[in-house]
Structures are given as C-alpha cells and as structure tokens.
Amino acid sequence: MHRQLQMEPEGSPLRKEHKIEAQVWAAQKDPASADALIGQYMPFIRSETFKFTHAAPEAGHEDELNIAATAFYEAALSYQRGRGAFLPYASTAIRNRLIDFYRVEQRHSGLVPLETPAGEDGRQLLETLPDSRDEIGAYDLRAASREEIQEFGRQLATFGLSFSDVADNCPRQERTMAACHAVLNCARANPMLLDRLVHTGRLPVRELAMGSGVDKKTIERHRKYLVAILLAFTNGYEIIRGHLRQIAPKGGERT
Amino acid sequence: MKYLVMETHPAYAVVLDERGRFLRAANLHYEVGETVDQVVELQLPPARRFRAWWLVGLVVVLLGLGVLFFGFIRPQWMVYGTVRLQINPDVQLSVNREDDVVKLEGLNQDGEALIEGYDFRGEECDDVVEDLVKRALRMGYLETGGTVSLSASGGSSHWRDEMEKDLRETILDEFKGSVQVSAGDAGTDQTADAQTSRKGDWDDDHDDRDD
C-alpha cells in the first residue's frame, strides 16, 4: 500500500484520500488536531450546509453551519476503514444531522421569534417587551464565570487533564454516575481527602473506595472525571459549585 | 436543565450540566462562562470493542494452537508404546501412535554401538527394525540362522499383538528365513538362550541386563 502511495503523483485523488485519512486518525486522538481538521475543511462544511439550506450561512443560518461543523467532527470521530472515502461519509453525516436539527426546530415552529416586527414603527417584538433582566449583572457574572472556569482549567492542566478529557471520561450510565456522586459525597464529608487531592495531585482511591463503598475499579475507570468534579468542590470555585445545584443542594458549601 | 460552557472549539463545546455531567455539545456561538438552557449533544460513536475483539481473537488463536498441539504435534512426539529388539545388542524403540520411531536407545553396550550414527528420525518402526537387523548382520552381532527377539509393550493389547506380528513378518520376508524371529518374549531367559552371541561376550551382556 505504501509503495502504491509513493507511485501516486502528487495531488492525485488517492494520495489526497490517504492524507485526509491520516488527519482523521490524528483528530480521533487529539482535540487540537480535530480543531485543525475542522478549520481546514470549513469550506467543505460551508458548501455542504449551503446544499441543504440553499442560502449562505450568514443569512440567518449560522446555527446550521455550526451543526454541520459538529456533524463533520462526529464523522471524524466515528470514521473507520471500510466505510469508504471520508468526505462522502462526512457529507452524509452532515446531511443527516441537519435533517435531525430541522425536525427538532419544527417542534418550536409555533413560537414567534423575538425579531418579529411588532408594529408599524418598525420596532421588533423584543424591543416592545419589558426588560426585566439585569444586563450589567449578567455580563459581570459571565466574566466572573469565565475567570473561574479558566482558573479551573489551569488547575486541571496540572493534573494533565483538559475539559475534553473529562467529558470523554464522564459516566454515561445513571448507575455509574450515582457511584461517582457517592464518591463525591464521601470526599465532601472528609475534606482531608479533597486537600490531599490538591496537595499531592493524586486521587486517594483507596480511602474514597472505603468511605463510599464504590468499587476501586469504578473509581479508577472514571479517575479523570472524579478529579474534575472533586476539584470543583475545593475552595475557590463558588460559581461552578453554585451551578451544580442538583448534586450540591445545600449551596455547594464545603463541609 | 442549565448548562455552563466550560470550553469552546470550532466544532463543539464542553458544557457542564447541573448534575455534574461534562458533555460535548454543538458550539452554537457559545462563550466560556455562558449559561444556556438547551444544547445539541454530540452523538459520539459507541466505545470501540477493540479489547473485546482482541480478547476473542486471542482465545480463538489459543484454542487453535491447543488443538494443533494436542491433536497433531503432541501425538507425533508422544510415546504410545515401545518395541524391544534383542540380538545380543539390546535396543529399545519408542514409537508414537502412527508407529513412527520417536526415540531409539541402546540398553547395553552393544546396543549403543549398533545404533551409533543411525538416523531414525521420520522412519517407521518396521523400517528401523529391518535396518538394525541388517546392521547387526554387517557388524557381526548376528549370523545367518541366528535369532532375533522382539517384544512390544505399552499401548493396547491389540496394538502389541499387531506390532509383533508385523515386525516378525517384515523380518522373515526381508531375510528369507536366514534369520529366526522370536516374538513376544524378548528380555526373558528363554529368548536370551536363542540369541546369537558375538565373540563370547554374551554372558557379560546378559549379566548387565539382569542388573
């Protein structure tokens, strides 16, 4: 195969396909490579979106373009040898995803967009509604959240983790998620364990297993996720803890 | 359910929901720190069952190797029975289920001399016995009209009977009656009496064997 590739002239379809495949394999392992792949093939993604919407993404179809980019990424993650050339495979994935997206959007078709003209003076519906939101407060909260999340990301990086790693390691089954919550409750009840995590950079697996009754293997299997969620309950992440209201009903205060 | 945007990429964002789940979702112009009410979750491929397939493959290969070893290779090397050939030189042939000789050893000094330099590998038992009788004649251990004693042991009684019968017929056919065969009683005093000794050293060998 390699010899055959060497014989192929530069720019030939076969050589191009091999190059794309190599990029896809890299994207499956590394989020940065995936971002580079998306950036490189954004014209292709725009083109596929245009085929579906028959309009430029800038003409009110930005969401469709984003959904198409997501579908392209999903295609890169799920692509395997034996599924044909990558680009036709990605094209099909984009089309299917956009169809799904439109179906979901149709459920909201009875709603009136806020941008709808609300009178003869050319004002939009949004402008006629009473503004009960504190925009300045919301902006400040968002900025504070961003800072806190960036700090959280930096601390995670000291463990060699990114948010993407944590998302990949997040439990998908309810039972496993409940087990991880039990581990978290154990750590919150024993703040020394949280301190050990921060100071040693290692998850105290044995103590958490004994304290929570969760199998050590389960803890090891979801180590990245548990590191992240336990870190969130150490000092300094009040906004994140406040967001986790369904697992921190008491306001997320550290005990 | 509300989602806090933790990280953004060109194709997706990592969001944290209120139950503590970190999810990958389509990035609909999100910014880090933003809270959204709805997300379009990524449809990630199911975890590859590479390990499972690898394990299944390993088990299949091991089973195949087991069948190959215990069904074919081991029987080739496993001794099913032995044939003892006594002229004066005393030789034991170990044979497998296919009647191929897998081991050849001299049980006394003359026996070791008789088989020295003889390559029995891949040969069937009757061919080896025939060759050894010829060598015995050539080396002077056996004279015309002399007697060769044969006995089979191990295996089934049927195998022993058939082996002794076949070897007896082989020697009688090959040597046209110039060599007598005493089958089934090798190692006994009666057989020893029928043997042809060489240069009067039979008594010594006989004593060795009895030891």
# chains A, B, ... in the order shown; residues from 1 in each chain; ligands from 1
call {"tool": "interface_residues", "arguments": {"of": "chain A", "to": "chain B", "cutoff": "7 Å", "atoms": "only C-alpha atoms", "output": "list in words"}}
result
Asp35, Ile38, Asp63, Asn66, Ile67, Ala69, Thr70, Tyr73, Glu74, Ser78, Arg142, Ala143, Ser145, Arg146, Ile149, Phe163, Ser164, Val166, Ala167, Cys170, His243, Leu244, Arg245, Gln246 and Ile247 of chain A
call {"tool": "select_by_dssp", "arguments": {"residues": "segment 104-198 of chain B", "states": "strand (DSSP E or B)", "output": "JSON, numbers by chain"}}
result
{"B": [104, 105, 106, 124, 147, 148, 149, 150, 151, 152, 153, 154, 180, 181, 182, 183, 195]}
call {"tool": "residues_around", "arguments": {"residues": "Gly106 of chain B", "least_positions_apart": "5", "cutoff": "7 Å", "atoms": "only C-alpha atoms", "output": "MDAnalysis selection string"}}
result
chainID B and resid 90:92 111:112 115
call {"tool": "residues_around", "arguments": {"residues": "Val179 of chain B", "least_positions_apart": "4", "cutoff": "6 Å", "atoms": "only C-alpha atoms", "output": "PyMOL selection string"}}
result
chain B and resi 145-147
call {"tool": "atom_distance", "arguments": {"atom1": "atom CA of Leu68 of chain B", "atom2": "atom CA of Arg97 of chain B"}}
result
15.8 Å
call {"tool": "atom_distance", "arguments": {"atom1": "atom CA of Glu98 of chain B", "atom2": "atom CA of Arg74 of chain B"}}
result
11.8 Å
call {"tool": "closest_residue", "arguments": {"among": "A:Phe233, A:Gln106, A:Tyr89, A:Ser162", "to": "Asp30 of chain A", "atoms": "only C-alpha atoms"}}
result
A:Ser162
call {"tool": "residues_around", "arguments": {"residues": "Asp99 of chain B", "least_positions_apart": "3", "cutoff": "8 Å", "atoms": "only C-alpha atoms", "output": "list in words"}}
result
Val95, Asn96, Glu124 and Cys125 of chain B
call {"tool": "write_last_selection", "arguments": {"atoms": "N, CA and C atoms", "output": "mmCIF file, in the first residue's frame"}}
result
data_model
loop_
_atom_site.group_PDB
_atom_site.id
_atom_site.type_symbol
_atom_site.label_atom_id
_atom_site.label_comp_id
_atom_site.auth_asym_id
_atom_site.auth_seq_id
_atom_site.Cartn_x
_atom_site.Cartn_y
_atom_site.Cartn_z
ATOM 1 N N VAL B 95 7.805 -45.687 20.030
ATOM 2 C CA VAL B 95 7.045 -45.321 18.831
ATOM 3 C C VAL B 95 5.792 -44.539 19.209
ATOM 4 N N ASN B 96 5.334 -43.682 18.285
ATOM 5 C CA ASN B 96 4.110 -42.916 18.543
ATOM 6 C C ASN B 96 2.910 -43.673 17.992
ATOM 7 N N GLU B 124 9.576 -45.276 9.980
ATOM 8 C CA GLU B 124 8.593 -46.123 10.645
ATOM 9 C C GLU B 124 9.294 -47.257 11.375
ATOM 10 N N CYS B 125 8.585 -47.841 12.318
ATOM 11 C CA CYS B 125 9.193 -48.829 13.210
ATOM 12 C C CYS B 125 9.730 -50.044 12.432
#
